[in-house]
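Asker: File target.tsv below, TSV, C-alpha atoms and all ligand atoms:
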chain	number	residue	atom	x	y	z
P	968	MET	CA	0.00	0.00	0.00
P	969	ALA	CA	1.36	3.41	-0.98
P	970	ARG	CA	-0.49	6.38	0.46
P	971	VAL	CA	0.31	9.75	-1.07
P	972	ILE	CA	0.74	13.02	0.80
P	973	ASN	CA	-2.67	14.60	0.33
P	974	PHE	CA	-2.99	18.41	0.13
P	975	ASN	CA	-6.60	18.32	-1.14
P	976	PRO	CA	-8.79	21.28	-0.11
P	977	GLY	CA	-11.89	19.21	0.78
P	978	PRO	CA	-12.78	16.44	1.02
P	979	ALA	CA	-9.31	16.29	2.48
P	980	ALA	CA	-6.70	14.13	4.21
P	981	LEU	CA	-7.89	12.18	7.25
P	982	PRO	CA	-5.74	11.03	10.16
P	983	LEU	CA	-4.54	7.49	9.41
P	984	PRO	CA	-5.74	6.13	12.79
P	985	ALA	CA	-9.28	7.35	11.99
P	986	LEU	CA	-9.24	5.38	8.71
P	987	GLU	CA	-7.62	2.31	10.25
P	988	LEU	CA	-10.26	2.18	12.97
P	989	ALA	CA	-13.00	2.40	10.31
P	990	ARG	CA	-11.36	-0.46	8.41
P	991	ASP	CA	-11.03	-2.62	11.52
P	992	GLU	CA	-14.60	-2.00	12.67
P	993	LEU	CA	-16.34	-2.08	9.30
P	994	LEU	CA	-17.63	-5.66	9.16
P	995	ASP	CA	-18.32	-6.16	12.84
P	996	TYR	CA	-18.96	-3.04	14.89
P	997	GLN	CA	-18.05	-3.74	18.52
P	998	GLY	CA	-19.06	-7.39	18.42
P	999	SER	CA	-22.57	-6.68	17.07
P	1000	GLY	CA	-22.04	-8.82	13.95
P	1001	MET	CA	-22.78	-5.96	11.57
P	1002	SER	CA	-21.30	-2.67	10.49
P	1003	ILE	CA	-22.31	0.58	12.16
P	1004	VAL	CA	-24.08	1.67	8.96
P	1005	GLU	CA	-26.37	-1.38	9.17
P	1006	HIS	CA	-27.57	-0.44	12.66
P	1007	SER	CA	-30.73	1.56	13.37
P	1008	HIS	CA	-30.00	5.19	14.16
P	1009	ARG	CA	-32.36	4.68	17.12
P	1010	GLY	CA	-30.54	1.66	18.52
P	1011	PRO	CA	-28.15	1.64	21.51
P	1012	GLU	CA	-25.00	1.27	19.34
P	1013	TYR	CA	-25.69	4.41	17.37
P	1014	GLU	CA	-27.00	6.25	20.43
P	1015	ALA	CA	-23.69	5.69	22.20
P	1016	LEU	CA	-21.75	6.78	19.12
P	1017	HIS	CA	-23.87	9.94	18.80
P	1018	ALA	CA	-23.30	10.85	22.44
P	1019	GLU	CA	-19.57	10.17	22.18
P	1020	THR	CA	-19.18	12.34	19.06
P	1021	LYS	CA	-21.11	15.21	20.59
P	1022	GLY	CA	-19.25	14.83	23.88
P	1023	LEU	CA	-15.85	14.87	22.19
P	1024	LEU	CA	-16.71	17.98	20.19
P	1025	THR	CA	-18.02	19.73	23.31
P	1026	GLU	CA	-14.90	18.81	25.27
P	1027	LEU	CA	-12.35	19.60	22.56
P	1028	MET	CA	-13.92	22.95	21.66
P	1029	GLY	CA	-14.83	23.87	25.24
P	1030	ILE	CA	-18.46	24.50	24.25
P	1031	PRO	CA	-20.24	26.19	27.20
P	1032	ASP	CA	-23.74	25.34	28.53
P	1033	THR	CA	-25.10	28.49	26.91
P	1034	HIS	CA	-24.63	26.83	23.51
P	1035	GLN	CA	-26.07	23.74	21.87
P	1036	VAL	CA	-24.54	21.42	19.26
P	1037	LEU	CA	-26.67	20.43	16.25
P	1038	PHE	CA	-25.84	18.06	13.38
P	1039	ILE	CA	-27.45	18.98	10.06
P	1040	GLN	CA	-27.26	17.67	6.48
P	1041	GLY	CA	-26.88	19.83	3.38
P	1042	GLY	CA	-23.30	21.02	3.89
P	1043	ALA	CA	-22.12	24.48	4.84
P	1044	THR	CA	-23.96	25.74	1.76
P	1045	MET	CA	-27.29	24.81	3.36
P	1046	GLN	CA	-26.29	27.01	6.32
P	1047	PHE	CA	-25.92	29.98	3.95
P	1048	ALA	CA	-29.76	29.79	3.77
P	1049	MET	CA	-30.64	28.41	7.21
P	1050	VAL	CA	-28.79	31.14	9.10
P	1051	PRO	CA	-30.84	34.02	7.61
P	1052	MET	CA	-34.07	31.97	7.57
P	1053	ASN	CA	-33.76	31.35	11.31
P	1054	LEU	CA	-32.00	34.47	12.57
P	1055	LEU	CA	-33.02	37.48	10.48
P	1056	ALA	CA	-36.41	37.92	12.22
P	1057	GLY	CA	-37.37	40.72	9.84
P	1058	LYS	CA	-34.12	42.66	10.31
P	1059	SER	CA	-31.05	43.14	8.12
P	1060	ALA	CA	-27.76	41.25	8.59
P	1061	ASP	CA	-24.16	42.43	8.11
P	1062	TYR	CA	-21.74	40.30	6.08
P	1063	ILE	CA	-17.98	40.73	5.90
P	1064	THR	CA	-16.93	39.27	2.57
P	1065	THR	CA	-13.43	37.87	2.43
P	1066	GLY	CA	-13.63	35.20	-0.25
P	1067	VAL	CA	-15.64	32.91	-2.49
P	1068	TRP	CA	-17.60	31.31	0.35
P	1069	SER	CA	-18.59	34.51	2.14
P	1070	GLU	CA	-19.80	35.88	-1.21
P	1071	GLY	CA	-21.92	32.74	-1.50
P	1072	ALA	CA	-23.28	33.32	2.01
P	1073	ILE	CA	-24.38	36.94	1.45
P	1074	LYS	CA	-25.91	36.06	-1.91
P	1075	GLU	CA	-28.10	33.44	-0.28
P	1076	ALA	CA	-29.04	35.77	2.60
P	1077	LYS	CA	-30.31	38.29	0.04
P	1078	VAL	CA	-32.60	35.61	-1.36
P	1079	VAL	CA	-34.11	35.18	2.11
P	1080	GLY	CA	-34.22	38.81	3.30
P	1081	GLU	CA	-32.04	41.85	3.78
P	1082	ALA	CA	-28.24	41.68	3.98
P	1083	ARG	CA	-25.52	44.27	3.49
P	1084	GLU	CA	-21.76	44.12	3.03
P	1085	ALA	CA	-20.17	45.64	6.13
P	1086	GLY	CA	-16.56	45.13	5.04
P	1087	THR	CA	-14.52	43.39	2.38
P	1088	GLY	CA	-11.13	41.77	1.89
P	1089	LYS	CA	-11.13	42.47	-1.84
P	1090	VAL	CA	-8.38	44.49	-3.48
P	1091	GLY	CA	-8.91	44.77	-7.24
P	1092	ASP	CA	-10.53	41.50	-8.29
P	1093	LYS	CA	-8.84	39.30	-5.66
P	1094	PHE	CA	-9.40	38.70	-1.98
P	1095	VAL	CA	-6.03	39.23	-0.30
P	1096	ARG	CA	-6.75	40.36	3.25
P	1097	ILE	CA	-9.00	40.45	6.29
P	1098	PRO	CA	-10.30	44.00	6.84
P	1099	LYS	CA	-9.44	45.75	10.12
P	1100	GLN	CA	-12.07	46.66	12.71
P	1101	SER	CA	-11.71	50.35	11.77
P	1102	GLU	CA	-12.63	49.53	8.16
P	1103	LEU	CA	-15.94	47.88	9.06
P	1104	SER	CA	-19.23	49.74	8.83
P	1105	LEU	CA	-21.34	47.74	11.26
P	1106	ASP	CA	-25.06	48.34	11.74
P	1107	PRO	CA	-25.76	48.36	15.52
P	1108	ASN	CA	-29.29	47.07	14.79
P	1109	ALA	CA	-28.20	44.19	12.56
P	1110	ALA	CA	-29.69	40.75	13.21
P	1111	TYR	CA	-26.14	39.33	13.21
P	1112	VAL	CA	-22.68	39.82	11.71
P	1113	HIS	CA	-21.45	37.00	9.46
P	1114	ILE	CA	-17.78	36.17	8.90
P	1115	THR	CA	-15.85	33.32	7.26
P	1116	THR	CA	-13.00	32.62	9.67
P	1117	ASN	CA	-10.79	30.93	7.06
P	1118	ASN	CA	-11.00	31.55	3.34
P	1119	THR	CA	-10.38	28.17	1.78
P	1120	VAL	CA	-9.94	29.41	-1.79
P	1121	PHE	CA	-7.89	32.61	-1.44
P	1122	GLY	CA	-5.96	31.48	1.66
P	1123	SER	CA	-6.68	34.21	4.20
P	1124	GLN	CA	-7.73	33.78	7.83
P	1125	TYR	CA	-8.92	35.90	10.75
P	1126	HIS	CA	-6.31	36.20	13.49
P	1127	TRP	CA	-8.60	38.43	15.55
P	1128	LEU	CA	-12.38	38.65	15.93
P	1129	PRO	CA	-14.54	41.62	14.99
P	1130	GLU	CA	-16.04	43.49	17.95
P	1131	THR	CA	-19.81	43.46	17.33
P	1132	GLY	CA	-21.22	44.69	20.65
P	1133	ASP	CA	-24.61	43.09	21.33
P	1134	VAL	CA	-25.00	41.87	17.75
P	1135	PRO	CA	-24.38	38.09	17.57
P	1136	LEU	CA	-21.33	37.00	15.61
P	1137	VAL	CA	-22.02	34.16	13.15
P	1138	ALA	CA	-19.02	32.29	11.73
P	1139	ASP	CA	-18.53	29.84	8.89
P	1140	MET	CA	-15.63	27.76	10.28
P	1141	SER	CA	-15.83	25.01	7.67
P	1142	SER	CA	-12.12	25.06	6.90
P	1143	ASP	CA	-10.59	25.90	10.27
P	1144	ILE	CA	-12.82	24.49	13.01
P	1145	LEU	CA	-10.62	23.03	15.78
P	1146	TRP	CA	-7.40	24.31	14.20
P	1147	LYS	CA	-6.68	25.91	17.59
P	1148	PRO	CA	-8.53	26.64	20.85
P	1149	MET	CA	-11.39	29.06	20.22
P	1150	ASP	CA	-13.61	30.93	22.71
P	1151	VAL	CA	-17.03	29.64	21.63
P	1152	SER	CA	-18.82	32.05	24.01
P	1153	LYS	CA	-17.87	34.92	21.68
P	1154	PHE	CA	-20.10	33.50	18.94
P	1155	GLY	CA	-23.86	33.49	18.44
P	1156	LEU	CA	-23.56	30.68	15.94
P	1157	ILE	CA	-20.74	28.62	14.42
P	1158	TYR	CA	-21.17	26.27	11.48
P	1159	ALA	CA	-18.75	23.95	9.73
P	1160	GLY	CA	-19.04	21.23	7.11
P	1161	ALA	CA	-17.11	18.25	8.47
P	1162	GLN	CA	-15.09	17.36	5.38
P	1163	LYS	CA	-12.13	19.69	5.84
P	1164	ASN	CA	-10.96	19.51	9.43
P	1165	ILE	CA	-13.14	17.09	11.37
P	1166	GLY	CA	-14.35	14.31	9.09
P	1167	ILE	CA	-16.05	13.56	5.80
P	1168	SER	CA	-18.84	15.18	3.79
P	1169	GLY	CA	-22.45	14.51	4.71
P	1170	ILE	CA	-22.76	16.28	8.03
P	1171	THR	CA	-22.39	19.85	9.22
P	1172	VAL	CA	-21.82	20.95	12.79
P	1173	VAL	CA	-23.88	23.92	14.02
P	1174	ILE	CA	-23.16	25.40	17.45
P	1175	ILE	CA	-25.87	27.86	18.43
P	1176	ARG	CA	-26.32	30.10	21.47
P	1177	LYS	CA	-29.54	28.79	23.00
P	1178	ASP	CA	-31.36	32.14	23.24
P	1179	LEU	CA	-31.09	32.52	19.45
P	1180	LEU	CA	-33.32	29.46	19.01
P	1181	GLU	CA	-36.23	31.74	19.94
P	1182	ARG	CA	-35.80	33.82	16.80
P	1183	THR	CA	-36.92	31.10	14.38
P	1184	PRO	CA	-40.30	31.86	12.75
P	1185	LYS	CA	-43.02	29.35	13.67
P	1186	LYS	CA	-44.19	28.85	10.11
P	1187	MET	CA	-41.24	27.19	8.40
P	1188	PRO	CA	-40.60	23.65	7.13
P	1189	LYS	CA	-39.50	21.40	9.97
P	1190	LEU	CA	-36.05	20.44	8.69
P	1191	LEU	CA	-35.07	24.05	8.04
P	1192	ARG	CA	-35.72	25.11	11.66
P	1193	TYR	CA	-32.86	24.98	14.18
P	1194	PRO	CA	-35.31	24.30	17.06
P	1195	THR	CA	-36.27	20.99	15.41
P	1196	TYR	CA	-32.68	19.79	15.75
P	1197	ALA	CA	-32.30	21.28	19.24
P	1198	GLU	CA	-35.46	19.58	20.54
P	1199	ASN	CA	-34.64	16.16	19.05
P	1200	ASP	CA	-30.88	15.97	19.64
P	1201	SER	CA	-30.59	16.12	15.80
P	1202	LEU	CA	-32.42	12.77	15.55
P	1203	GLN	CA	-35.79	13.93	14.21
P	1204	ASN	CA	-35.11	11.90	11.05
P	1205	THR	CA	-32.40	9.49	9.88
P	1206	ILE	CA	-29.00	11.05	10.52
P	1207	PRO	CA	-26.07	10.22	8.17
P	1208	VAL	CA	-24.54	7.54	10.37
P	1209	PHE	CA	-21.21	7.05	8.59
P	1210	PRO	CA	-20.24	10.77	8.57
P	1211	MET	CA	-21.04	10.87	12.31
P	1212	TYR	CA	-18.93	7.75	12.81
P	1213	MET	CA	-15.98	9.21	10.91
P	1214	MET	CA	-16.24	12.44	12.88
P	1215	ARG	CA	-16.03	10.42	16.07
P	1216	ASN	CA	-12.89	8.68	14.81
P	1217	VAL	CA	-11.27	11.99	13.84
P	1218	LEU	CA	-12.19	13.63	17.17
P	1219	ARG	CA	-10.79	10.64	19.09
P	1220	TRP	CA	-7.56	11.20	17.21
P	1221	VAL	CA	-7.55	14.94	18.01
P	1222	LYS	CA	-8.00	14.08	21.68
P	1223	SER	CA	-5.26	11.45	21.64
P	1224	GLU	CA	-2.87	14.01	20.11
P	1225	GLY	CA	-3.52	16.46	22.96
P	1226	GLY	CA	-6.62	18.40	21.84
P	1227	ALA	CA	-6.99	21.88	20.36
P	1228	GLU	CA	-3.79	23.21	21.99
P	1229	ALA	CA	-1.76	20.44	20.35
P	1230	MET	CA	-3.48	21.13	17.02
P	1231	GLU	CA	-2.44	24.77	17.24
P	1232	THR	CA	1.21	23.89	17.90
P	1233	ARG	CA	1.15	21.42	15.03
P	1234	ASN	CA	-0.56	23.86	12.65
P	1235	ARG	CA	1.71	26.79	13.48
P	1236	THR	CA	4.77	24.61	12.92
P	1237	LYS	CA	3.47	23.60	9.49
P	1238	GLY	CA	2.26	27.02	8.35
P	1239	ASP	CA	5.35	28.85	9.59
P	1240	ALA	CA	7.63	26.37	7.79
P	1241	LEU	CA	5.70	26.70	4.55
P	1242	TYR	CA	5.54	30.51	4.55
P	1243	ALA	CA	9.23	30.66	5.48
P	1244	ALA	CA	9.97	28.68	2.30
P	1245	VAL	CA	7.88	31.14	0.27
P	1246	ASP	CA	9.58	34.15	1.87
P	1247	ARG	CA	13.17	32.92	1.55
P	1248	ASN	CA	12.54	32.27	-2.15
P	1249	ALA	CA	10.74	35.59	-2.60
P	1250	SER	CA	12.17	36.16	-6.06
P	1251	PHE	CA	10.45	32.93	-7.17
P	1252	TYR	CA	7.36	32.42	-4.99
P	1253	LEU	CA	4.81	35.15	-4.36
P	1254	ALA	CA	2.28	34.96	-1.52
P	1255	PRO	CA	-0.57	37.28	-2.58
P	1256	VAL	CA	-2.23	37.44	0.86
P	1257	GLU	CA	-1.11	40.15	3.32
P	1258	LYS	CA	1.18	38.71	6.02
P	1259	ASP	CA	-1.11	39.27	9.01
P	1260	SER	CA	-4.04	37.67	7.15
P	1261	ARG	CA	-2.26	34.50	6.00
P	1262	SER	CA	-4.12	31.23	6.42
P	1263	TYR	CA	-2.60	28.39	8.43
P	1264	MET	CA	-4.97	25.96	6.71
P	1265	ASN	CA	-4.72	26.86	3.02
P	1266	PRO	CA	-1.48	28.69	2.16
P	1267	VAL	CA	-1.66	30.02	-1.42
P	1268	PHE	CA	1.31	31.11	-3.52
P	1269	ARG	CA	2.12	31.97	-7.11
P	1270	LEU	CA	5.09	31.11	-9.31
P	1271	PRO	CA	6.57	33.39	-12.00
P	1272	THR	CA	4.50	31.81	-14.81
P	1273	GLU	CA	1.49	29.52	-15.19
P	1274	ASP	CA	3.68	27.03	-17.05
P	1275	LEU	CA	5.96	26.80	-14.02
P	1276	GLU	CA	2.90	26.32	-11.82
P	1277	LYS	CA	1.81	23.38	-13.98
P	1278	LYS	CA	5.31	21.93	-13.82
P	1279	PHE	CA	5.34	22.39	-10.03
P	1280	VAL	CA	2.08	20.45	-9.67
P	1281	SER	CA	3.18	17.61	-11.95
P	1282	GLU	CA	6.67	17.21	-10.43
P	1283	ALA	CA	5.19	17.31	-6.93
P	1284	LYS	CA	2.82	14.54	-7.97
P	1285	LYS	CA	5.76	12.43	-9.14
P	1286	ALA	CA	7.27	12.99	-5.70
P	1287	GLY	CA	4.12	11.63	-4.04
P	1288	MET	CA	2.34	14.91	-3.22
P	1289	VAL	CA	-1.13	15.60	-4.64
P	1290	GLY	CA	-3.86	18.23	-4.47
P	1291	LEU	CA	-1.64	21.30	-4.92
P	1292	LYS	CA	-3.34	23.03	-7.83
P	1293	GLY	CA	-4.97	26.30	-6.73
P	1294	HIS	CA	-8.70	26.96	-7.09
P	1295	ARG	CA	-9.62	28.25	-10.55
P	1296	SER	CA	-10.75	31.64	-9.19
P	1297	ALA	CA	-7.52	32.27	-7.28
P	1298	GLY	CA	-4.97	30.48	-9.49
P	1299	GLY	CA	-1.47	29.47	-8.41
P	1300	ILE	CA	-0.66	26.78	-5.89
P	1301	ARG	CA	-2.63	25.97	-2.76
P	1302	ALA	CA	-1.40	23.56	-0.11
P	1303	SER	CA	-4.29	22.63	2.16
P	1304	ILE	CA	-2.67	21.63	5.42
P	1305	TYR	CA	-5.56	20.84	7.75
P	1306	ASN	CA	-5.10	19.19	11.16
P	1307	ALA	CA	-4.59	15.73	9.65
P	1308	VAL	CA	-1.60	16.75	7.51
P	1309	SER	CA	1.54	16.11	9.54
P	1310	PRO	CA	4.54	18.42	10.06
P	1311	ALA	CA	6.66	15.74	8.33
P	1312	ASP	CA	4.40	15.93	5.26
P	1313	VAL	CA	4.80	19.70	5.13
P	1314	ALA	CA	8.58	19.39	5.65
P	1315	LYS	CA	8.66	17.22	2.54
P	1316	LEU	CA	6.77	19.87	0.56
P	1317	VAL	CA	9.09	22.59	1.87
P	1318	GLU	CA	12.14	20.62	0.74
P	1319	PHE	CA	10.52	20.18	-2.67
P	1320	MET	CA	9.75	23.94	-2.87
P	1321	ASP	CA	13.34	24.93	-2.11
P	1322	GLY	CA	14.65	22.48	-4.71
P	1323	PHE	CA	12.14	23.54	-7.34
P	1324	ALA	CA	12.97	27.25	-6.88
P	1325	LYS	CA	16.68	26.51	-7.18
P	1326	ALA	CA	16.24	24.41	-10.34
P	1327	ASN	CA	13.79	26.74	-12.08
P	1328	GLY	CA	14.50	30.23	-10.71
Q	1401	LIG	C1	-16.00	24.06	1.59
Q	1401	LIG	C2	-16.60	25.26	2.19
Q	1401	LIG	C3	-17.98	25.54	2.09
Q	1401	LIG	C4	-18.93	24.66	1.33
Q	1401	LIG	O1	-19.14	23.49	1.99
Q	1401	LIG	P1	-20.21	22.38	1.49
Q	1401	LIG	O2	-20.20	21.43	2.63
Q	1401	LIG	O3	-19.69	21.85	0.21
Q	1401	LIG	O4	-21.52	23.06	1.32
Q	1401	LIG	C5	-18.45	26.67	2.73
Q	1401	LIG	N1	-17.65	27.49	3.42
Q	1401	LIG	C6	-16.32	27.27	3.52
Q	1401	LIG	C7	-15.47	28.21	4.30
Q	1401	LIG	C8	-15.76	26.15	2.90
Q	1401	LIG	O5	-14.43	25.92	3.00
Translate this file's structure into structure tokens.
Answerer:
Amino acid sequence: MARVINFNPGPAALPLPALELARDELLDYQGSGMSIVEHSHRGPEYEALHAETKGLLTELMGIPDTHQVLFIQGGATMQFAMVPMNLLAGKSADYITTGVWSEGAIKEAKVVGEAREAGTGKVGDKFVRIPKQSELSLDPNAAYVHITTNNTVFGSQYHWLPETGDVPLVADMSSDILWKPMDVSKFGLIYAGAQKNIGISGITVVIIRKDLLERTPKKMPKLLRYPTYAENDSLQNTIPVFPMYMMRNVLRWVKSEGGAEAMETRNRTKGDALYAAVDRNASFYLAPVEKDSRSYMNPVFRLPTEDLEKKFVSEAKKAGMVGLKGHRSAGGIRASIYNAVSPADVAKLVEFMDGFAKANG
């Protein structure tokens, strides 16, 4: 078996122990004579798994009693609609747009009700920064302020949080949830598709401050209402069992590694090493994102020509490293280095980058 080094943006690399456990348990889940995906989602085996997954997430993220964890299908994209449907309550919401996904979020909010751009990270036609607090024009009466904490496509990330007063802060954390310890109490709502940092596609984590559950209009389809999930522990209908199972395996791994603090140490080591390689070869590699807005999850860089970028991707592939081609709207190279990617994997990429710059610069 030859596993490659996987820099895919999402679905993305998983910790090997999480996959190995899935392999070992697949045919006979804990002596039950069947796989977990053949069990009823109302049976004791799944119930225990559900509680363990939720418990691990609560523990690892330090989720306070004021907040509730929900598991919802439809991906982060579904949350672009559910957030305004449940939280607008006839008001307008503020959106800070810092990339492809936050543009998607505000677009969907405008379908549902009123939303305005309260800040942007765009310079020219590219998103290259996170705007400063002083550059935001926040509406004190807004229903909420929406941010995307890590911009998966353009490779920028918040390293501070906007001050929003009494207005709840809503965050799409799809590509950086659990990358480091985070003070959940600062947020009204957090959502994250599992397939980047905590599992596989098929399930989205929503962490909502309980008082916000009262905002949801009564007359709305059941599965689009947050209170439905809150009242039924997300088991009002059949939950995607395998994505929940894989999340449990990934969260067990995070815990065994030392939790969110250990993830931060690991991620800073990787990101710092990668950006150092870009910066010491500055005549060859160009990082378009401003230094204090650089992402530790999706570093993006350009080479002198598109032909060299193609060559970089194909030679890296020959060296056992895949997934490095940038998103079509940002171009260049993107190395997605989520929690599961190891410092040794990134060290290998860094060595390749230095060699490639020397040979082609
Ligand atoms: C990937 C991603 C999305 C879209 O997620 P889906 O689960 O495919 O809907 C939304 N926001 C961010 C920040 C992402 O990285």
Asker: What lies within 12 Å of Lys1186 in chain P using all atoms listed in the file, ignoring chain neighbours under 4 positions off, as a list in words?
Answerer: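 So the residues in contact are Met1052, Asn1053, Arg1182, Leu1190, Leu1191 and Arg1192 of chain P.
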Asker: Using only C-alpha atoms, I'd like a table of the residues in range 1208-1269 of chain P that come within 9 Å of range 1309-1315 of chain P; for each, show the closest atom pair and its distance in Å rounded to one decimal, ordered by chain and ascending number, as CSV.
Answerer:
residue,atom,partner,partner_atom,distance
P:Arg1233,CA,P:Pro1310,CA,6.7
P:Asn1234,CA,P:Pro1310,CA,7.9
P:Thr1236,CA,P:Pro1310,CA,6.8
P:Lys1237,CA,P:Pro1310,CA,5.3
P:Gly1238,CA,P:Val1313,CA,8.4
P:Ala1240,CA,P:Ala1314,CA,7.4
P:Leu1241,CA,P:Val1313,CA,7.1
Asker: Once you count all atoms listed in the file, what closest atom pair and distance in Å to one decimal does each residue of range 1024-1064 of chain P within 7 Å of range 1102-1125 of chain P have, with rows by chain and rising residue number, as CSV?
Answerer:
residue,atom,partner,partner_atom,distance
P:Leu1054,CA,P:Ala1110,CA,6.7
P:Leu1055,CA,P:Ala1110,CA,5.4
P:Lys1058,CA,P:Ala1110,CA,5.6
P:Ser1059,CA,P:Ala1109,CA,5.4
P:Ala1060,CA,P:Ala1109,CA,5.0
P:Asp1061,CA,P:Val1112,CA,4.7
P:Tyr1062,CA,P:His1113,CA,4.7
P:Ile1063,CA,P:Ile1114,CA,5.5
Asker: Taking all atoms listed in the file and a cut-off of 8 Å, can you tell me which residues surround ligand LIG 1401 (chain Q), written as a VMD selection string?
Answerer: chain P and resid 976 to 977 1041 to 1046 1068 to 1069 1115 to 1120 1139 to 1142 1159 to 1163 1168 to 1171
Asker: Pick out the residues sitting within 9 Å of Pro1271 in chain P, and hand them over as number ranges by chain; count all atoms listed in the file, and ignore anything fewer than 6 positions along from it in its own chain.
Answerer: P: 1250-1253, 1328
Asker: Have a look at P:Ala1048, P:Ala1056, P:Ala1085, P:Met1028 and name the one nearest to Lys1147 in chain P; count all atoms listed in the file.
Answerer: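 Comparing P:Ala1048, P:Ala1056, P:Ala1085, P:Met1028 against Lys1147 in chain P, the winner is P:Met1028.
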Asker: Give me the residues within 9 Å of Arg1009 in chain P as an MDAnalysis selection string, counting all atoms listed in the file and dropping any in the same chain fewer than 5 places off.
Answerer: chainID P and resid 1014 1202 1205
Asker: Could the residues in this selection be written to a file with C-alpha atoms, as a short mmCIF file (atom, residue, chain, number, x, y, z; two decimals), in the coordinates of the input?
Answerer:
data_model
loop_
_atom_site.label_atom_id
_atom_site.label_comp_id
_atom_site.auth_asym_id
_atom_site.auth_seq_id
_atom_site.Cartn_x
_atom_site.Cartn_y
_atom_site.Cartn_z
CA GLU P 1014 -27.00 6.25 20.43
CA LEU P 1202 -32.42 12.77 15.55
CA THR P 1205 -32.40 9.49 9.88
#
Asker: Leaving out range 1173-1181 of chain P and any residue of its chain fewer than 3 positions from it, which residues lie within 6 Å of it when counting all atoms listed in the file, given as a list in words?
Answerer: Thr1033, His1034, Gln1035, Val1036, Leu1037, Gly1155, Leu1156, Ile1157, Tyr1158 and Pro1194 of chain P
Asker: Which residue out of P:Val1221, P:Leu1275, P:Ile1003, P:Val1050 has the minimum interatomic distance to Leu1136 in chain P when all atoms listed in the file are used?
Answerer: P:Val1050
Asker: If I take CA of Pro1135 in chain P and CA of Lys1153 in chain P, how far is one from the other in Å, to one decimal?
Answerer: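 Between CA of Pro1135 in chain P and CA of Lys1153 in chain P the gap works out to 8.3 Å.
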Asker: Using all atoms listed in the file, which of the listed residues (P:Thr1020, P:Ser999, P:Asn1248, P:Ser1303) sits closest to Phe1038 in chain P?
Answerer: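 Smallest distance to Phe1038 in chain P is found for P:Thr1020.
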Asker: Counting all atoms listed in the file, write as a ChimeraX atom specification all protein and nucleic acid residues lying at most 10 Å from (-30.1, 13.8, 21.9) in the file's frame.
Answerer: /P:1014,1017-1018,1021,1036-1037,1196-1203
Asker: Work out how far CA of Arg1083 in chain P is from CA of Val1172 in chain P, in Å to one decimal.
Answerer: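 Interatomic distance here is 25.4 Å.
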Asker: I'd like the neighbourhood of Ile1165 in chain P as a PDB file with C-alpha atoms, in the coordinates of the input, where a residue qualifies if any of its atoms comes within 7 Å (using all atoms listed in the file), though same-chain residues fewer than 4 positions away should be ignored.
Answerer:
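Everything below was put into result-v5.pdb:
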ATOM      1  CA  ALA P1161     -17.110  18.250   8.470  1.00  0.00           C
ATOM      2  CA  MET P1214     -16.240  12.440  12.880  1.00  0.00           C
ATOM      3  CA  VAL P1217     -11.270  11.990  13.840  1.00  0.00           C
ATOM      4  CA  LEU P1218     -12.190  13.630  17.170  1.00  0.00           C
TER       5      LEU P1218
END
Asker: Provide the CA of Arg1235 in chain P to CA of Val1308 in chain P distance in Å, to one decimal place.
Answerer: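 One can read the CA of Arg1235 in chain P to CA of Val1308 in chain P distance as 12.1 Å.
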Asker: Select, from P:Ile1097, P:Leu1023, P:Met1230, P:Met1049, the residue with the minimum atom-to-atom distance to Trp1127 in chain P, counting all atoms listed in the file.
Answerer: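 Among P:Ile1097, P:Leu1023, P:Met1230, P:Met1049, it is P:Ile1097 that comes nearest to Trp1127 in chain P.
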Asker: Which is closest to Lys1258 in chain P among P:Leu1270, P:Ala980, P:Val1245, P:Ala1072, if we use all atoms listed in the file?
Answerer: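 Closest to Lys1258 in chain P, using all atoms listed in the file: P:Val1245.
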